[in-house]
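Raw contents of final39.csv, CSV, C-alpha atoms:
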```
chain,number,residue,atom,x,y,z
A,1047,MET,CA,-17.0,-136.6,7.1
A,1048,ASN,CA,-17.9,-136.7,3.4
A,1049,ILE,CA,-15.7,-135.7,0.5
A,1050,TYR,CA,-17.1,-133.1,-1.8
A,1051,GLU,CA,-16.2,-131.8,-5.3
A,1052,ASN,CA,-17.0,-128.1,-5.8
A,1053,ILE,CA,-16.7,-126.2,-9.0
A,1054,ILE,CA,-16.9,-122.4,-8.7
A,1055,ILE,CA,-17.1,-119.8,-11.4
A,1056,LEU,CA,-15.7,-116.5,-10.2
A,1057,ASP,CA,-16.0,-113.1,-11.8
A,1058,ALA,CA,-13.3,-113.0,-14.6
A,1059,ALA,CA,-12.8,-109.2,-13.9
A,1060,LEU,CA,-11.1,-110.0,-10.6
A,1061,SER,CA,-7.4,-109.5,-10.6
A,1062,ASP,CA,-5.2,-112.4,-9.7
A,1063,GLU,CA,-4.7,-111.1,-6.2
A,1064,GLU,CA,-8.4,-110.7,-5.7
A,1065,ALA,CA,-9.1,-114.2,-7.0
A,1066,GLU,CA,-6.5,-115.6,-4.7
A,1067,ALA,CA,-8.1,-113.7,-1.8
A,1068,ALA,CA,-11.5,-115.0,-2.7
A,1069,ILE,CA,-10.2,-118.6,-2.9
A,1070,ALA,CA,-8.4,-118.2,0.5
A,1071,LYS,CA,-11.7,-116.9,2.0
A,1072,ILE,CA,-13.5,-120.0,0.8
A,1073,LYS,CA,-10.8,-122.3,2.1
A,1074,ASP,CA,-10.9,-120.5,5.5
A,1075,LEU,CA,-14.7,-121.0,5.6
A,1076,ILE,CA,-14.3,-124.7,5.0
A,1077,SER,CA,-11.5,-125.2,7.5
A,1078,GLY,CA,-13.2,-122.9,10.0
A,1079,HIS,CA,-16.2,-125.2,10.1
A,1080,GLY,CA,-14.2,-128.4,10.7
A,1081,GLY,CA,-13.4,-129.3,7.1
A,1082,GLU,CA,-10.2,-130.0,5.3
A,1083,VAL,CA,-9.3,-128.8,1.8
A,1084,LEU,CA,-7.8,-131.7,-0.1
A,1085,LYS,CA,-7.1,-130.0,-3.4
A,1086,VAL,CA,-7.5,-126.7,-5.2
A,1087,ASP,CA,-7.1,-126.5,-9.0
A,1088,ILE,CA,-7.5,-123.2,-10.8
A,1089,TRP,CA,-8.5,-123.9,-14.4
A,1090,GLY,CA,-8.2,-120.3,-15.5
A,1091,ARG,CA,-10.4,-117.8,-17.3
A,1092,LYS,CA,-12.7,-119.3,-19.9
A,1093,LYS,CA,-15.6,-118.2,-22.1
A,1094,LEU,CA,-18.9,-119.1,-20.5
A,1095,ALA,CA,-21.5,-121.2,-22.5
A,1096,TYR,CA,-24.0,-118.4,-21.8
A,1097,GLU,CA,-24.0,-115.1,-20.0
A,1098,ILE,CA,-24.2,-115.2,-16.2
A,1099,LYS,CA,-24.9,-111.9,-14.4
A,1100,LYS,CA,-24.0,-110.1,-17.6
A,1101,GLN,CA,-20.6,-111.8,-17.7
A,1102,LYS,CA,-19.2,-113.6,-20.8
A,1103,LYS,CA,-16.1,-115.0,-19.1
A,1104,GLY,CA,-15.4,-116.7,-15.8
A,1105,LEU,CA,-12.6,-117.9,-13.6
A,1106,TYR,CA,-13.0,-121.6,-13.0
A,1107,VAL,CA,-11.9,-123.1,-9.7
A,1108,LEU,CA,-12.1,-126.8,-8.7
A,1109,LEU,CA,-12.0,-127.7,-5.0
A,1110,PHE,CA,-12.0,-131.1,-3.3
A,1111,TYR,CA,-12.6,-131.1,0.5
A,1112,LYS,CA,-13.6,-133.2,3.4
A,1113,THR,CA,-16.3,-131.6,5.7
A,1114,PRO,CA,-19.3,-132.5,7.8
A,1115,PRO,CA,-22.6,-132.3,5.9
A,1116,ALA,CA,-23.9,-129.3,7.9
A,1117,THR,CA,-21.0,-127.2,6.6
A,1118,VAL,CA,-22.1,-127.6,3.0
A,1119,LYS,CA,-25.3,-125.5,3.8
A,1120,LYS,CA,-23.1,-122.7,5.3
A,1121,ILE,CA,-20.8,-122.8,2.2
A,1122,GLU,CA,-23.8,-122.5,-0.2
A,1123,GLU,CA,-25.2,-119.6,1.9
A,1124,PHE,CA,-21.8,-117.9,1.7
A,1125,TYR,CA,-21.7,-118.3,-2.1
A,1126,LYS,CA,-25.1,-116.8,-2.6
A,1127,VAL,CA,-24.0,-113.5,-0.9
A,1128,PHE,CA,-20.4,-113.4,-2.1
A,1129,ASP,CA,-20.3,-111.1,-5.1
A,1130,ALA,CA,-17.2,-112.7,-6.7
A,1131,VAL,CA,-19.0,-116.0,-7.2
A,1132,LEU,CA,-21.1,-116.2,-10.4
A,1133,LYS,CA,-22.1,-119.8,-10.2
A,1134,TYR,CA,-21.2,-123.0,-8.2
A,1135,ILE,CA,-22.0,-126.6,-7.9
A,1136,ILE,CA,-21.2,-128.9,-4.9
A,1137,ILE,CA,-21.3,-132.7,-5.4
A,1138,LYS,CA,-20.9,-135.3,-2.7
A,1139,LEU,CA,-18.6,-138.0,-3.9
A,1140,GLY,CA,-19.7,-141.6,-3.7
A,1141,ALA,CA,-17.5,-144.5,-2.5
A,1142,LYS,CA,-16.2,-145.2,-6.0
A,1143,GLN,CA,-15.4,-141.6,-6.8
A,1144,VAL,CA,-13.6,-141.2,-3.4
A,1145,HIS,CA,-11.6,-144.4,-4.2
A,1146,ASP,CA,-10.7,-143.0,-7.7
A,1147,PHE,CA,-9.8,-139.6,-6.3
A,1148,GLU,CA,-7.5,-141.2,-3.7
A,1149,LYS,CA,-5.9,-143.4,-6.3
A,1150,PHE,CA,-5.3,-140.3,-8.6
A,1151,GLU,CA,-3.8,-138.3,-5.8
A,1152,ALA,CA,-1.4,-141.1,-4.9
A,1153,ALA,CA,-0.3,-141.4,-8.5
A,1154,SER,CA,0.2,-137.6,-8.7
A,1155,GLU,CA,2.4,-137.7,-5.6
A,1156,ARG,CA,4.5,-140.5,-7.0
A,1157,ALA,CA,5.0,-138.6,-10.3
A,1158,GLU,CA,6.0,-135.5,-8.3
A,1159,GLN,CA,8.5,-137.5,-6.3
A,1160,LYS,CA,10.1,-138.9,-9.5
A,1161,ILE,CA,10.5,-135.5,-10.9
A,1162,GLU,CA,12.0,-134.1,-7.8
A,1163,GLY,CA,14.3,-137.1,-7.1
```

Spit out the file's structure as structure tokens when you get a sec.
Amino acid sequence: MNIYENIIILDAALSDEEAEAAIAKIKDLISGHGGEVLKVDIWGRKKLAYEIKKQKKGLYVLLFYKTPPATVKKIEEFYKVFDAVLKYIIIKLGAKQVHDFEKFEAASERAEQKIEG
């Protein structure tokens, strides 16, 4: 399985509950096709550089997940018909990026343990 980085711009007009439901739907799609979501980071609502589908703002979401390559095609097809998604990009991480990601995650876990303990 490969590790992918996925940035999604959702419609900013969605309520927080609707946005959470949309993200949950995407996570279910990934895990339903044999993948594993590693990290979800919601960046929040931001002004777009240019209008997309007559929208000036978007809700940015960053996902990291492990999945078979065939699943990426299914995810892209889903994004194209899912109205909440304005724009998306999926990038397959190379060996160096995977190593950096794992190192960053390990450091984040250590920092969280220090705060808790």

Requested in this report: Please provide as JSON, numbers by chain all residues within 8 Å of stretch 1103-1115 of chain A, with the sequence filter that same-chain residues fewer than 5 positions apart are discarded (counting all atoms listed in the file).
Outcome: {"A": [1047, 1048, 1049, 1050, 1051, 1052, 1053, 1054, 1055, 1056, 1057, 1058, 1076, 1079, 1080, 1081, 1082, 1083, 1084, 1085, 1086, 1087, 1088, 1089, 1090, 1091, 1092, 1093, 1094, 1097, 1132]}

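Look at A:Asp1129: the protein and nucleic acid residues within 12 Å of it, using only C-alpha atoms and passing over chain neighbours fewer than 2 places away, are Ile1055, Leu1056, Asp1057, Ala1058, Ala1059, Leu1060, Glu1064, Ala1065, Ala1068, Lys1099, Phe1124, Tyr1125, Lys1126, Val1127, Val1131, Leu1132 and Lys1133 of chain A.
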
Query raised in the report: Suppose you want the space between atom CA of A:Ile1135 and atom CA of A:Ala1152; what is it in Å?
Result: 25.4 Å

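Reported to one decimal place, the separation of atom CA of A:Lys1100 from atom CA of A:Lys1071 is 24.1 Å.
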
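When atom CA of A:Leu1075 is paired with atom CA of A:Ile1121, their separation reads 7.2 Å.
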
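The shortest atom-to-atom distance to A:Gly1078, with only C-alpha atoms taken into account, belongs to A:Lys1120 out of A:Phe1128, A:Asp1062, A:Lys1120, A:Ile1098.
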
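Of the listed residues A:Glu1122, A:Ala1067, A:Ser1061, A:Asp1074, the one whose atoms come nearest to A:Tyr1134 is A:Glu1122, with distances taken using only C-alpha atoms.
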